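Notes for the one structure printed next.
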Amino acid sequence: MESLQKQLIAACRELREPAGYHCGLGGGRQDAPDNILLLHRCWQQKISRARDADNLYHCRYVLTLNLKTTGLVCVNEKSFPLPEGYAALTYPYQSHCYVVDQNAFDWLIITFESGTPLSPELMYRSTRLNGSCYMLANRLLALYCEQAKAPSASGTELLQVLLLGLLLELLHSDDFINAENQPQNGNNRLHLFEQLNGYIFRHLSDPELSLEELAAKHYISPALLHLIFRQMAGCTPGKYIRDIRIKQAQKLLDQRETQIAEIAERTGFSSPAVFSRCFRREVGLSPSEYQSRQSM
């Protein structure tokens, strides 16, 4: 299995960045994943923070295969480890981020859409990759590179089937770690980030939440707080909190059940005016414009 893992890492080097992150390869099957994109993330191509509405809050599934270096998955207020040799699936419209030492990691990321909702059993868990998973991932990657150059109806349909097979292997595995019953993380910095993330979500509605408070509550200096977020999340802690607030606001706006003033309050903005200004800066639309566009 180690040789299959090394083979997959080597093959990832052949992946090229797509022109866009929402237009992938799709086939004719309605019962399988569609619009598939494969991305390689490593110290040379780091995980970047979202800068636009589509990336902050999107309708795609994200399957992450960790080929090197233990990381952490933060989904809403929950977090769980993503050890080397494991995979985790993030579902559409989930507020999420991936935390890892960005100077020493190797991940294969597969994003896709599905007309049929996937089983919720893969939610909030990381699953060990067995030999069959590695073989399917290697075949999937090789075919994806072929189809990216010269797509064919049979090739893209086979791509769908291979990804479906990989997801089913993960679904039926009984070797996994979930957010409700996880071992203590051996990486102190990851464990600290996990605590920081939980604290942020518990106090997200508090407009007085400050970086000084966040550092003091966890007995670290502001300088170390910034270092941890820069290294693990690729952004400042202030940017991380703002992104989460915007994602939560988008979710509430999509539900169309809450007034904009109440959404501003629930997501920790000091006033509707401040909320509208920040939302427009991050998303490019005012909250009301965003809500109107979503209903079209």
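For the structure tokens, the naming scheme is as follows: chains receive sequential letters (A, B, ...) according to their order of presentation, residues are indexed from 1 within each chain, and ligands are indexed from 1 in presentation order.
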
Using 8 Å as the limit and counting only C-alpha atoms, can you tabulate each residue of region 69-144 of chain A that touches region 8-19 of chain A, with its shortest atom-to-atom distance in Å and the two atoms involved, as JSON lines?
```
{"residue": "A:Asp106", "atom": "CA", "partner": "A:Ile9", "partner_atom": "CA", "distance": 7.3}
{"residue": "A:Leu108", "atom": "CA", "partner": "A:Cys12", "partner_atom": "CA", "distance": 7.1}
{"residue": "A:Tyr134", "atom": "CA", "partner": "A:Leu8", "partner_atom": "CA", "distance": 7.4}
{"residue": "A:Ala137", "atom": "CA", "partner": "A:Leu8", "partner_atom": "CA", "distance": 7.4}
{"residue": "A:Asn138", "atom": "CA", "partner": "A:Leu8", "partner_atom": "CA", "distance": 5.6}
{"residue": "A:Leu141", "atom": "CA", "partner": "A:Ala11", "partner_atom": "CA", "distance": 7.4}
{"residue": "A:Ala142", "atom": "CA", "partner": "A:Ala11", "partner_atom": "CA", "distance": 7.6}
```

**Asked** Any idea what's packed within 7 Å of Asp34 (chain A), counting only C-alpha atoms, ignoring anything in its chain fewer than 3 positions away? Could you give it as a PyMOL selection string?
**Response** chain A and resi 26-27+112-114+160

**Asked** In terms of the shortest atom-to-atom distance over only C-alpha atoms, which of A:Thr258, A:Gln102, A:Ser271, A:Ser221 is closest to Ile47 (chain A)?
**Response**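 Using only C-alpha atoms, the shortest distance to Ile47 (chain A) belongs to A:Gln102.
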
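Proximity of A:Val75, A:Leu167, A:His40, A:Gly155 to Ile109 (chain A), computed with only C-alpha atoms, is greatest for A:His40.
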
**Request:** Give me the residues within 12 Å of Ile200 (chain A) as JSON, numbers by chain, counting only C-alpha atoms and dropping any in the same chain fewer than 4 places off.
**Result:** {"A": [74, 76, 77, 78, 193, 194, 195, 196, 204, 205, 206, 207, 208, 209, 210, 211, 213, 214, 215, 217, 218, 237, 238, 240, 241, 242, 243, 244, 245, 267, 268]}

**Message:** DSSP on the backbone: which residues in region 121-185 of chain A end up as alpha helix (DSSP H)? Give the answer as a ChimeraX atom specification.
**Reply:** /A:131-149,153-171

Write out as a tab-separated table the residues of region 117-178 of chain A that have any atom within 9 Å of an atom of region 90-101 of chain A, one row each with the nearest atom pair and its distance in Å to one decimal, counting only C-alpha atoms, sorted by chain and then rising number.
```
residue	atom	partner	partner_atom	distance
A:Leu118	CA	A:Tyr91	CA	8.6
A:Pro120	CA	A:Tyr91	CA	8.7
A:Leu122	CA	A:Thr90	CA	8.5
A:Met123	CA	A:Thr90	CA	6.8
A:Tyr124	CA	A:Thr90	CA	7.8
```

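The residues of region 110-228 of chain A that DSSP assigns to strand (DSSP E) on this backbone come out as Ile110, Thr111, Phe112, Glu113, Arg125, Ser126, Thr127, Arg128, Phe176, Ile177 and Asn178 of chain A.
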
Produce a file of the selected residues containing N, CA and C atoms, as a compact mmCIF listing (two decimals), in the first residue's frame.
```
# COMPACT_ATOMS: atom_id res chain seq x y z
N ILE A 110 -10.36 16.52 -4.55
CA ILE A 110 -11.31 16.24 -5.62
C ILE A 110 -12.60 16.99 -5.31
N THR A 111 -12.97 17.93 -6.16
CA THR A 111 -14.23 18.64 -5.95
C THR A 111 -15.20 18.23 -7.05
N PHE A 112 -16.47 18.17 -6.69
CA PHE A 112 -17.47 17.69 -7.65
C PHE A 112 -18.86 18.11 -7.20
N GLU A 113 -19.82 17.87 -8.08
CA GLU A 113 -21.23 18.10 -7.76
C GLU A 113 -21.96 16.77 -7.87
N ARG A 125 -16.20 13.21 9.39
CA ARG A 125 -15.30 12.10 9.71
C ARG A 125 -14.17 12.01 8.69
N SER A 126 -13.07 11.43 9.12
CA SER A 126 -11.96 11.11 8.21
C SER A 126 -11.82 9.59 8.20
N THR A 127 -11.61 9.03 7.00
CA THR A 127 -11.62 7.59 6.80
C THR A 127 -10.28 7.13 6.24
N ARG A 128 -9.77 6.03 6.78
CA ARG A 128 -8.48 5.52 6.33
C ARG A 128 -8.58 5.02 4.89
N PHE A 176 -12.42 4.62 10.70
CA PHE A 176 -12.52 6.07 10.55
C PHE A 176 -12.49 6.77 11.90
N ILE A 177 -12.28 8.07 11.86
CA ILE A 177 -12.30 8.94 13.03
C ILE A 177 -13.41 9.95 12.81
N ASN A 178 -14.31 10.11 13.78
CA ASN A 178 -15.34 11.12 13.61
C ASN A 178 -15.21 12.22 14.66
```

**Request:** Please indicate the distance in Å from CA of Arg230 (chain A) to CA of Arg281 (chain A), rounded to one decimal place.
**Result:**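 Separation between CA of Arg230 (chain A) and CA of Arg281 (chain A): 21.7 Å.
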
**Message:** From the options A:Leu163, A:Leu67, A:Leu82, A:Cys235, which residue's atoms come nearest to Ile36 (chain A), counting only C-alpha atoms?
**Reply:**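 Closest candidate: A:Leu163.
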
**Asked** Restricting the calculation to only C-alpha atoms, which member of A:Leu63, A:Leu190, A:Val274, A:Leu25 is positioned closest to Ser152 (chain A)?
**Response**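 Ranked by minimum distance to Ser152 (chain A), first place goes to A:Leu25.
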
**Request:** Go through A:Ile260, A:Ala179, A:Leu136, A:Ala87 and flag the residue nearest Glu289 (chain A), using only C-alpha atoms for the distances.
**Result:** A:Ile260

**Request:** Measure the distance from CA of Glu265 (chain A) to CA of Lys247 (chain A) in Å and round it to one decimal.
**Result:** 14.2 Å
